[in-house]
Structures are given as C-alpha cells and as structure tokens.
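This report concerns only the one structure given below.
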Amino acid sequence: MSSEEASSISDWLVLNSWWILLPFIMLLVVAAFIVAFVLLLYMISPLISPKPLKLNGAHVVVTGGSSGIGKCIAIECCKQGAFITLVARDESKLLQAKKEIEKFAINDKQVVLCISVDVSKDYSEVESVIKQAQEKLGPVDMLVNCAGTSISGRFEEVEVDRFRKLMEVNYLGSVYPTRAVITTMKERRMGRIMFVSSQAGQIGLFGYTAYSPSKFALRGLAESLQMEMKPYNIYVTVAYPPDTDTPGLAEENKFKPLETKLISETAGVCQPEQVAKIVVKDAVQGNFSSSVGPDGYMLSALTCGMSPVTSITEGLQQIVTMGLFRTIALFYLGSFDSIVRRCMIQREQQSKAADKKE
C-alpha cells in the first residue's frame, strides 16, 4: 500500500470517526444546556416566589382551634409573635386552649381571643364574629381553616345525612370564614389563607366515601381561589396532613373498618406539633401545597395536576419525579387492593363458619 493510499484511508477514518462521535457530542451539549438551565432557574426561583409573611404582630384566625392540629397551629403562630383568634364551637375547650396558647407568647402585647361559633351553619353569623375579631385585633393577615370532622365506614352503611353533614363542616365550614375575610385582604393587597385538607383529600381510600369528597372539594376551592387572589398578593395553601395523633383520630378509630385501619397503618401516625410547624412554614412562604413526610411529598407530586406552583424549582421537581413516584404508587395501590380482598375473604369464611354452627 502506497503512502498516498494510507493517508487517504487515515483521513477517511478520522472523518467518519467524527460522524460516529457527533451524536454523543450533541448529547453532552444538550445535557450541559439542561444543567445550566436548571441551575439558572434554581437561582432565580427565590426572586419570583412570594415574599414571606411576617407573623410577628400579625393577626391569625384559626377555626377549629380548640384542639388537635388547629390548636398546635395557633401555638406555632403565637411562638412567632402573632395575635390569635380561636374559633370553635365548644366554649369550655376554647378557654382551656386559650390558657395553653398564651404560655407561648413572646411578648406582653400578644392577645389570644376566643369566639364560640359553628362556622358551618350561618354565614351571616360567621361574618359578624370575624368582623368583631378584626375590630379588636386588626385586619386578618392569615386565616387557617382547620374546622373539620371525620367518619369512616362502608358506603352502604354510612347514614345518608352524614354525607351532607361532612360537606357542611369540612367544605362550607371553610368557605364561610374565607368569604368573611377575603374583601379586607383584597383591599390591603396581602394575606394568607390555609385550608387543612387531608391525605384522604388526595387519594380515595376504602371507608372514606363520605370523608374524602369533602376534603377533595377543598382543593378545587383553593385552586380557583388562588387564581383569583394571586394578583392581589394573597396566597392560598392546602395542607395535606396524614393521620395525626389528635382527639378526632382517636374518636374515628373506634368505628374504623378493618380495611381502613390496615391501610392507614402503612403510613403511621404523626404528632400535631410536627404537622403544625410544617404547614405554618409553608403558609408563611406562600406555598400552595403543604405535605408532611416522604409519603406526603410523593402524594403531592403525584396529584399536582394543574395545581399552582410557588417556584420554578417546585415544578421541576414534580416533572423529574413523576415517573418514579407513579411506579411506587402502583405498588401501594396493589397492596391496598390485596388488603381489601383478604378482609373480604376473611369475612366470608367467618360467615360460613357461623352458618355451620347454626
């Protein structure tokens, strides 16, 4: 082989090797652009996020504030210097909660006001007591809708009136206080509104045919309201706490179907103080969704849909994790279905055994 032929072959190999490497080079360039773009978004994200609300000196209204998560939210806000209005039905529980919350005040000026009213019954009454609270403690800076109740049972065993009752307490009990504060917030062009939903407001589970719809409704309300209020610098937060160690959960567990108990045990029970700290932080920062723990984070990412995002970073995290979380969720759903089938078989076997004895 002559030197000219060897040279031409060498040139041909070099030329073709570039064509072979070109896809890899383009892939590296694209990857570099994506990384740079993500880093840029991460850096500018704080610039487009809402300005955090300062709770020191702010007026915070908490419905359902006499016990459980509501009381712990009031305590958390009080620790940060807020003036608190507690709203609940039971006056004796309210007064007891007031004494507990006042212990966490950080200055002598802070006030804890108690108002006894059923926020799910009469809007004009709710409007009147909110007006009284604003006359005493100033305009409401943050409203926490935590009034709620829960029942569990098989669909055909739940009394029809209980479906209506849960929608009144869990949904209308949040609509009425929100309606009462929103005009003033719009005039001031500032405010925070929190709806305390539940993980059962993200996924429908066995035994929650009455409860879940009333909590799902809060998300629809929150999404619509956020789109209306965002131009006025008012931010809405939906909190999705898991099972939490509260008097309400203890009461619910007395009547919970076996299937519901077994499914609930897969996630464990949180403490109300932990939940309160997380949801207050999210509300102050203006985050739309507030979740607790790894399971809560996964559920929020899976069910985000067309929900608002507070930062570009949050949106990117949802995009990146969606596929993985959906795969994990399928295993969870399979496990839940297996629990329901096993319980059904167990009941049928017990029924047959009882028939034989007779």
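Letters for chains follow the order of the structure tokens (A, B, ...), residue numbers begin at 1 for each chain, and ligand numbers begin at 1 in the order shown.
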
I want to know what sits within 8 Å of Ser300 of chain A, based on only C-alpha atoms, with residues of the same chain fewer than 5 positions away left out; could you give that as a list in words? Gln202, Ser289 and Ser291 of chain A

Pull N, CA and C atoms from the residues just selected and write them as a short mmCIF file (atom, residue, chain, number, x, y, z; two decimals), in the first residue's frame.
data_model
loop_
_atom_site.label_atom_id
_atom_site.label_comp_id
_atom_site.auth_asym_id
_atom_site.auth_seq_id
_atom_site.Cartn_x
_atom_site.Cartn_y
_atom_site.Cartn_z
N GLN A 202 -56.38 13.59 48.78
CA GLN A 202 -55.53 13.38 47.61
C GLN A 202 -55.77 12.03 46.96
N SER A 289 -49.12 23.96 48.07
CA SER A 289 -49.31 22.62 48.64
C SER A 289 -48.38 22.43 49.83
N SER A 291 -47.21 19.36 52.47
CA SER A 291 -47.26 17.93 52.78
C SER A 291 -46.31 17.61 53.92
#

From a DSSP pass on the backbone, collect the residues of segment 104-271 of chain A flagged as alpha helix (DSSP H) and hand them back as a ChimeraX atom specification. /A:123-137,160-166,173-188,211-229,247-253,258-265

If we count only C-alpha atoms and set the cut-off at 6 Å, which residues sit around segment 227-242 of chain A, ignoring sequence neighbours fewer than 3 positions away in its own chain? Please answer as a PyMOL selection string. chain A and resi 186+189-199+224+283+286-292

Keeping C-alpha atoms for every residue in the selection just given, could you write it to a file as a CSV table (one decimal), in the first residue's frame?
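Wrote again_17.csv, looks like this:
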chain,number,residue,atom,x,y,z
A,186,LYS,CA,-58.1,42.3,48.7
A,189,ARG,CA,-53.5,43.5,48.9
A,190,MET,CA,-52.0,41.0,51.2
A,191,GLY,CA,-52.9,37.8,53.1
A,192,ARG,CA,-52.6,34.1,53.5
A,193,ILE,CA,-55.4,31.5,53.5
A,194,MET,CA,-54.8,27.9,54.6
A,195,PHE,CA,-57.2,25.0,54.0
A,196,VAL,CA,-56.4,22.0,56.2
A,197,SER,CA,-57.4,19.0,54.0
A,198,SER,CA,-56.0,15.5,54.4
A,199,GLN,CA,-54.1,12.8,52.5
A,224,SER,CA,-59.9,28.5,41.9
A,283,ALA,CA,-48.4,29.1,54.5
A,286,GLY,CA,-47.0,31.2,50.2
A,287,ASN,CA,-46.6,27.6,49.1
A,288,PHE,CA,-49.8,26.2,47.5
A,289,SER,CA,-49.3,22.6,48.6
A,290,SER,CA,-48.1,21.6,52.1
A,291,SER,CA,-47.3,17.9,52.8
A,292,VAL,CA,-45.7,16.0,55.7

Do you know which residues are at most 12 Å from Leu324 of chain A counting only C-alpha atoms, after dropping those on the same chain fewer than 4 positions away, and could you put them as a PDB file with N, CA and C atoms, in the first residue's frame?
ATOM      1  N   MET A 298     -44.560  12.523  48.123  1.00  0.00           N
ATOM      2  CA  MET A 298     -44.830  11.730  46.929  1.00  0.00           C
ATOM      3  C   MET A 298     -46.271  11.925  46.457  1.00  0.00           C
ATOM      4  N   LEU A 299     -47.222  11.902  47.391  1.00  0.00           N
ATOM      5  CA  LEU A 299     -48.624  12.092  47.026  1.00  0.00           C
ATOM      6  C   LEU A 299     -48.855  13.453  46.393  1.00  0.00           C
ATOM      7  N   ALA A 301     -46.699  15.301  44.775  1.00  0.00           N
ATOM      8  CA  ALA A 301     -46.102  15.332  43.439  1.00  0.00           C
ATOM      9  C   ALA A 301     -46.967  14.562  42.446  1.00  0.00           C
ATOM     10  N   LEU A 302     -47.505  13.410  42.887  1.00  0.00           N
ATOM     11  CA  LEU A 302     -48.321  12.581  42.006  1.00  0.00           C
ATOM     12  C   LEU A 302     -49.642  13.241  41.634  1.00  0.00           C
ATOM     13  N   GLN A 317     -39.074  19.754  40.113  1.00  0.00           N
ATOM     14  CA  GLN A 317     -39.037  18.557  40.950  1.00  0.00           C
ATOM     15  C   GLN A 317     -40.206  17.633  40.633  1.00  0.00           C
ATOM     16  N   GLN A 318     -41.372  18.199  40.410  1.00  0.00           N
ATOM     17  CA  GLN A 318     -42.540  17.387  40.070  1.00  0.00           C
ATOM     18  C   GLN A 318     -42.366  16.682  38.728  1.00  0.00           C
ATOM     19  N   ILE A 319     -41.802  17.404  37.755  1.00  0.00           N
ATOM     20  CA  ILE A 319     -41.585  16.825  36.431  1.00  0.00           C
ATOM     21  C   ILE A 319     -40.609  15.648  36.503  1.00  0.00           C
ATOM     22  N   VAL A 320     -39.519  15.851  37.230  1.00  0.00           N
ATOM     23  CA  VAL A 320     -38.452  14.841  37.293  1.00  0.00           C
ATOM     24  C   VAL A 320     -38.898  13.590  38.053  1.00  0.00           C
ATOM     25  N   ILE A 328     -43.932   3.672  42.114  1.00  0.00           N
ATOM     26  CA  ILE A 328     -44.064   3.313  43.528  1.00  0.00           C
ATOM     27  C   ILE A 328     -45.533   3.261  43.928  1.00  0.00           C
ATOM     28  N   ALA A 329     -46.324   4.223  43.423  1.00  0.00           N
ATOM     29  CA  ALA A 329     -47.742   4.298  43.776  1.00  0.00           C
ATOM     30  C   ALA A 329     -48.502   3.058  43.321  1.00  0.00           C
ATOM     31  N   LEU A 330     -48.116   2.502  42.175  1.00  0.00           N
ATOM     32  CA  LEU A 330     -48.786   1.291  41.684  1.00  0.00           C
ATOM     33  C   LEU A 330     -48.600   0.124  42.649  1.00  0.00           C
ATOM     34  N   PHE A 331     -47.430   0.043  43.254  1.00  0.00           N
ATOM     35  CA  PHE A 331     -47.199  -1.000  44.256  1.00  0.00           C
ATOM     36  C   PHE A 331     -48.070  -0.758  45.490  1.00  0.00           C
TER      37      PHE A 331
END

If I take atom CA of Val87 of chain A and atom CA of Thr149 of chain A, how far is one from the other in Å, to one decimal?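 Those two atoms sit 14.8 Å apart.
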
Quick check, in Å to one decimal: how far apart do atom CA of Phe336 of chain A and atom CA of Lys261 of chain A lie?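 Distance between the two atoms: 11.1 Å.
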
Go through A:Cys304, A:Val309, A:Met344, A:Leu316 one by one, measure the shortest atom-to-atom distance of each to Leu258 of chain A using only C-alpha atoms, and give the residue with the smallest value.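 Nearest candidate to Leu258 of chain A out of A:Cys304, A:Val309, A:Met344, A:Leu316: A:Met344.
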
One decimal place gives the atom CA of Val111 of chain A-atom CA of Glu76 of chain A separation as 14.2 Å

Contacts of Lys79 of chain A within 7 Å, only C-alpha atoms, excl. fewer than 3 positions in-chain, as a ChimeraX atom specification: /A:75-76,104-106

Output C-alpha atoms for every residue in the selection just made, as a PDB file, in the first residue's frame.
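Final output, saved to again-v4.pdb:
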ATOM      1  CA  ILE A  75     -49.367  27.737  69.293  1.00  0.00           C
ATOM      2  CA  GLU A  76     -46.840  27.774  66.445  1.00  0.00           C
ATOM      3  CA  PHE A 104     -46.123  30.545  74.317  1.00  0.00           C
ATOM      4  CA  ALA A 105     -46.418  34.313  73.799  1.00  0.00           C
ATOM      5  CA  ILE A 106     -43.068  36.025  73.219  1.00  0.00           C
TER       6      ILE A 106
END

Using only C-alpha atoms for the distances, tell me which of A:Leu262, A:Leu55, A:Ala31, A:Val60 is nearest to Gln285 of chain A.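 Of A:Leu262, A:Leu55, A:Ala31, A:Val60, the one nearest Gln285 of chain A, counting only C-alpha atoms, is A:Leu55.
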
When distances are computed from only C-alpha atoms, which of A:Ile339, A:Val30, A:Val117, A:Ala133 shows the smallest separation from Ser66 of chain A?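 Using only C-alpha atoms, the shortest distance to Ser66 of chain A belongs to A:Val117.
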
Contacts of Thr178 of chain A within 10 Å, only C-alpha atoms, excl. fewer than 5 positions in-chain, as a list in words: Val126, Glu127, Ile130, Leu143, Val144, Asn145, Leu172, Gly173, Thr183, Ile193, Met194, Phe195 and Leu225 of chain A

Neighbours of Asp118 of chain A within 10 Å (only C-alpha atoms; same-chain residues fewer than 5 positions away dropped), as a ChimeraX atom specification? /A:63-64,87-90,123,125-126,147,169,173

Please write the residues from the selection above to a file, keeping N, CA and C atoms, as a PDB file, in the first residue's frame.
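Contents of result16.pdb, freshly written:
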ATOM      1  N   THR A  63     -59.778  28.532  62.748  1.00  0.00           N
ATOM      2  CA  THR A  63     -61.029  27.836  63.048  1.00  0.00           C
ATOM      3  C   THR A  63     -60.681  26.402  63.453  1.00  0.00           C
ATOM      4  N   GLY A  64     -61.518  25.827  64.290  1.00  0.00           N
ATOM      5  CA  GLY A  64     -61.190  24.505  64.817  1.00  0.00           C
ATOM      6  C   GLY A  64     -59.947  24.563  65.688  1.00  0.00           C
ATOM      7  N   VAL A  87     -61.430  30.104  66.898  1.00  0.00           N
ATOM      8  CA  VAL A  87     -62.857  29.948  66.598  1.00  0.00           C
ATOM      9  C   VAL A  87     -63.199  28.457  66.688  1.00  0.00           C
ATOM     10  N   ALA A  88     -64.184  28.127  67.488  1.00  0.00           N
ATOM     11  CA  ALA A  88     -64.649  26.743  67.623  1.00  0.00           C
ATOM     12  C   ALA A  88     -66.023  26.756  68.282  1.00  0.00           C
ATOM     13  N   ARG A  89     -66.645  25.583  68.367  1.00  0.00           N
ATOM     14  CA  ARG A  89     -67.995  25.511  68.932  1.00  0.00           C
ATOM     15  C   ARG A  89     -68.003  25.427  70.452  1.00  0.00           C
ATOM     16  N   ASP A  90     -67.116  24.609  71.014  1.00  0.00           N
ATOM     17  CA  ASP A  90     -67.123  24.316  72.442  1.00  0.00           C
ATOM     18  C   ASP A  90     -66.402  25.425  73.226  1.00  0.00           C
ATOM     19  N   TYR A 123     -73.776  31.826  57.548  1.00  0.00           N
ATOM     20  CA  TYR A 123     -72.709  32.707  57.064  1.00  0.00           C
ATOM     21  C   TYR A 123     -72.766  34.080  57.720  1.00  0.00           C
ATOM     22  N   GLU A 125     -73.650  34.911  60.634  1.00  0.00           N
ATOM     23  CA  GLU A 125     -73.095  34.837  61.988  1.00  0.00           C
ATOM     24  C   GLU A 125     -71.571  34.759  61.940  1.00  0.00           C
ATOM     25  N   VAL A 126     -71.060  33.965  61.002  1.00  0.00           N
ATOM     26  CA  VAL A 126     -69.605  33.853  60.840  1.00  0.00           C
ATOM     27  C   VAL A 126     -69.020  35.208  60.442  1.00  0.00           C
ATOM     28  N   ALA A 147     -61.351  23.766  60.949  1.00  0.00           N
ATOM     29  CA  ALA A 147     -62.553  23.132  61.490  1.00  0.00           C
ATOM     30  C   ALA A 147     -62.934  21.951  60.600  1.00  0.00           C
ATOM     31  N   VAL A 169     -69.558  20.735  57.263  1.00  0.00           N
ATOM     32  CA  VAL A 169     -68.489  21.066  58.211  1.00  0.00           C
ATOM     33  C   VAL A 169     -67.150  21.240  57.491  1.00  0.00           C
ATOM     34  N   GLY A 173     -67.695  24.895  56.065  1.00  0.00           N
ATOM     35  CA  GLY A 173     -67.027  25.427  57.247  1.00  0.00           C
ATOM     36  C   GLY A 173     -65.720  26.114  56.926  1.00  0.00           C
TER      37      GLY A 173
END

Just checking: using only C-alpha atoms, which residue out of A:Cys72, A:Ile151, A:Leu28, A:Leu113 ends up closest to Gln274 of chain A?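 Comparing A:Cys72, A:Ile151, A:Leu28, A:Leu113 against Gln274 of chain A, the winner is A:Cys72.
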